[in-house]
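S.K.: Quick one: the structure is below, and I'll ask about it shortly.
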Amino acid sequence: MRRAAIVHYHEVSLKRGNRSLFLRHLAMNLQRAIADLGPVPLRQLSGRILLELEGHPRPEAVRDRLARVCGVASVALAERVPSTLDAMRAAVARLVEGREFASFRITARRAFKTYPLTSVELNRELGALVLERARTRVDLHHPEVTIHVEVLPAETFVYTERAPGPGGLPVGASGTVAALLSGGIDSPVAAWRMMKRGCRVVFVHFHGVPYLPPTSQAKARALVERLTEWQYRSDLYLVPFGEIQREVVLAVPPPARVVVYRRLMVRIAEALGRRHGAEALTTGESLGQVASQTLTNIARIDEVARLPILRPLIGMDKLEITAEAQRLGTFETSIEPDADCCTLFVPRHPATRVSEEEIRAAEARLDIEGLVARGCAEASLETFAFPAPTGVVAAR
Ligand code: ATP
Ligand code: MG
């Protein structure tokens, strides 16, 4: 039996101009996702991508990896047969042989309309064959088994199950963003959301060493390692922020401190992100969740940014974000106890509305440029790869 993985994407959402870019990135990412599973030839077909699996020892493993690639709508392991009715009948017969199912439907699709039989005729022909071979009935609305038959000019693909993919756009197709990654629940989800919209993400984590233990760095590494499964290669900056915070504490009254910290983080992340061509920043902020995330304070944070700050979680509530973190597998790491730099020198009652005048007065007492330069100079860069036997492939 000739096997293949058939990858579908949401064609309708593709505009003419960006279609080839989308497909180029998608094909490249599909290959990267399975790079350690042996050679798998890939071909673009009309409206889908075919990966040849004839003789491959682990087709299911290939399918599961492909089903996690951003831009993929679904993946199916299919049998490939010539586009003749006899060959299709034989494939459908093999598929139902020895299987029990109370109901089924045939979903035939022709990728080219010149095929001599219409999809309705194919459904009827192949449906009749199944009814001959198995004790079952047709149910068009809630079938237990759907037999897909995709007819292309050269060959036809027959399969029953489709593994759903994340949808969205392939990583790389939308450019690069720098993500402010804490050890919390929200920012890894935000970074993933940006990947799903086609962004390559560069991570920036601020830690409190030497004032705090290095736990938050370990969490950031673990989170990046996880998220690298969707972009195959990641850069993570670890920025020592304890000294910088200490300087803020010496100069700025408690209520405005959190916003000053955040504005410094934004400036540093922007400078680091630009080294990688980042065109925007992203954070895990969600409106009203904590004091620094009010409209007023968000405005204060945005004032210092020269790149757009994208906040994909702004309208989500904690339950939705938590559910997504669990699905992504970042939740367990995020809830590990730790003290990141945000717990360092943080006032008991941060202001929910810091005015422009207040923040300007606070920052006037600091050497902002010097602090930003220091953060950038002291940042260390680590690189992660997937698939890889170990998370860190190179540390500089
Ligand atoms: P999270 O769950 O992502 O930590 P949060 O609900 O704790 O978010 P804040 O502490 O106000 O909210 O942080 C808001 C955003 O600021 C975070 O989502 C993240 O993008 C960024 N941020 C906060 N702390 C750090 C840090 N130590 N390093 C990098 N980015 C951070
Ligand atoms: Mg946090």
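FYI, nothing fancy with the structure tokens labels: chains A, B, ... in order, residues from 1 per chain, ligands from 1 as they appear.
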Excluding same-chain residues fewer than 2 positions from stretch 262-272 of chain A, what lies within 8 Å of it counting only C-alpha atoms, as a CSV table (one decimal) with C-alpha atoms, in the first residue's frame?

M.R.:
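What follows is the written file out.csv:
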chain,number,residue,atom,x,y,z
A,178,ALA,CA,10.1,40.2,20.5
A,179,ALA,CA,8.1,38.6,23.3
A,180,LEU,CA,8.4,39.8,26.9
A,204,VAL,CA,13.3,38.4,26.4
A,206,PHE,CA,14.1,39.8,32.9
A,237,TYR,CA,17.7,36.8,26.0
A,258,VAL,CA,5.8,49.0,38.4
A,259,VAL,CA,5.1,51.2,35.4
A,260,VAL,CA,8.7,52.5,35.4
A,274,ARG,CA,15.8,44.9,16.8
A,275,ARG,CA,19.0,42.9,16.6
A,276,HIS,CA,16.8,40.1,15.2
A,278,ALA,CA,11.7,42.4,15.3
A,280,ALA,CA,6.8,44.6,17.1
A,281,LEU,CA,6.8,43.6,20.8
A,300,ARG,CA,2.1,55.0,29.9
A,301,ILE,CA,3.9,51.8,28.7
A,304,VAL,CA,8.0,54.8,25.3
A,305,ALA,CA,7.7,52.1,22.7
A,306,ARG,CA,8.8,52.9,19.2
A,307,LEU,CA,7.6,49.5,17.9
A,368,ILE,CA,17.2,55.9,31.5
A,371,LEU,CA,19.9,51.7,32.4
A,372,VAL,CA,18.7,50.5,29.0
A,373,ALA,CA,22.3,50.2,27.7
A,375,GLY,CA,20.4,45.9,30.4
A,376,CYS,CA,21.3,45.2,26.8

S.K.: Please identify the strand (DSSP E) residues within stretch 199-374 of chain A (assignment by DSSP from backbone atoms) and present them as a PyMOL selection string.

M.R.: chain A and resi 199-207+233-240+278-282+309-310

S.K.: Could you give me, as CSV, a per-residue list for chain A showing, wherever an atom lies at most 9 Å from an atom of ligand 2, the closest pair of atoms and their distance in Å to one decimal, using only C-alpha atoms and all ligand atoms and sorting by chain then residue number from low to high?

M.R.:
residue,atom,partner,partner_atom_place_in_ligand_line,distance
A:Leu181,CA,ligand 2,1 (Mg),8.7
A:Ser182,CA,ligand 2,1 (Mg),5.6
A:Gly183,CA,ligand 2,1 (Mg),6.3
A:Gly184,CA,ligand 2,1 (Mg),4.4
A:Ile185,CA,ligand 2,1 (Mg),7.2
A:Asp186,CA,ligand 2,1 (Mg),7.4
A:Ser187,CA,ligand 2,1 (Mg),7.9
A:Gly284,CA,ligand 2,1 (Mg),8.5
A:Asp340,CA,ligand 2,1 (Mg),7.8
A:Cys342,CA,ligand 2,1 (Mg),6.9
A:Thr343,CA,ligand 2,1 (Mg),8.7

S.K.: Please build the interface table for stretch 62-92 of chain A against stretch 31-50 of chain A with a cut-off of 9 Å, listing for each qualifying residue the nearest atom pair and the distance in Å to one decimal; count only C-alpha atoms, order rows by chain and increasing number, and write it as JSON lines.

M.R.:
{"residue": "A:Val62", "atom": "CA", "partner": "A:Ile34", "partner_atom": "CA", "distance": 6.3}
{"residue": "A:Arg65", "atom": "CA", "partner": "A:Ala33", "partner_atom": "CA", "distance": 6.1}
{"residue": "A:Leu66", "atom": "CA", "partner": "A:Ala33", "partner_atom": "CA", "distance": 6.6}
{"residue": "A:Arg68", "atom": "CA", "partner": "A:Ala33", "partner_atom": "CA", "distance": 8.5}
{"residue": "A:Val69", "atom": "CA", "partner": "A:Ala33", "partner_atom": "CA", "distance": 7.2}

S.K.: Using DSSP on the backbone, list every residue of stretch 103-342 of chain A that comes out as helix (DSSP H, G or I), and give them as an NGL selection string.

M.R.: :A and (119-133 or 186-196 or 215-230 or 242-251 or 254-274 or 291-293 or 295-303 or 318-328 or 331-334 or 341-342)

S.K.: Could you tell me which of A:Cys199, A:Ala76, A:Ala87, A:Ala385 comes closest to A:His148 if we count only C-alpha atoms?

M.R.: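 With only C-alpha atoms as the atom set, the closest residue is A:Ala76.
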
S.K.: What gap, in Å, lies between atom 10 (O, counted along the ligand's line) of ligand 1 and atom CA of A:Glu243?

M.R.: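 These atoms are spaced 18.3 Å apart.
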
S.K.: Determine the nearest neighbour of A:His8 from the options A:Gly175, A:Gly167, A:Pro116, A:Pro57, counting only C-alpha atoms.

M.R.: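 Looking at the shortest contact to A:His8, the residue is A:Gly167.
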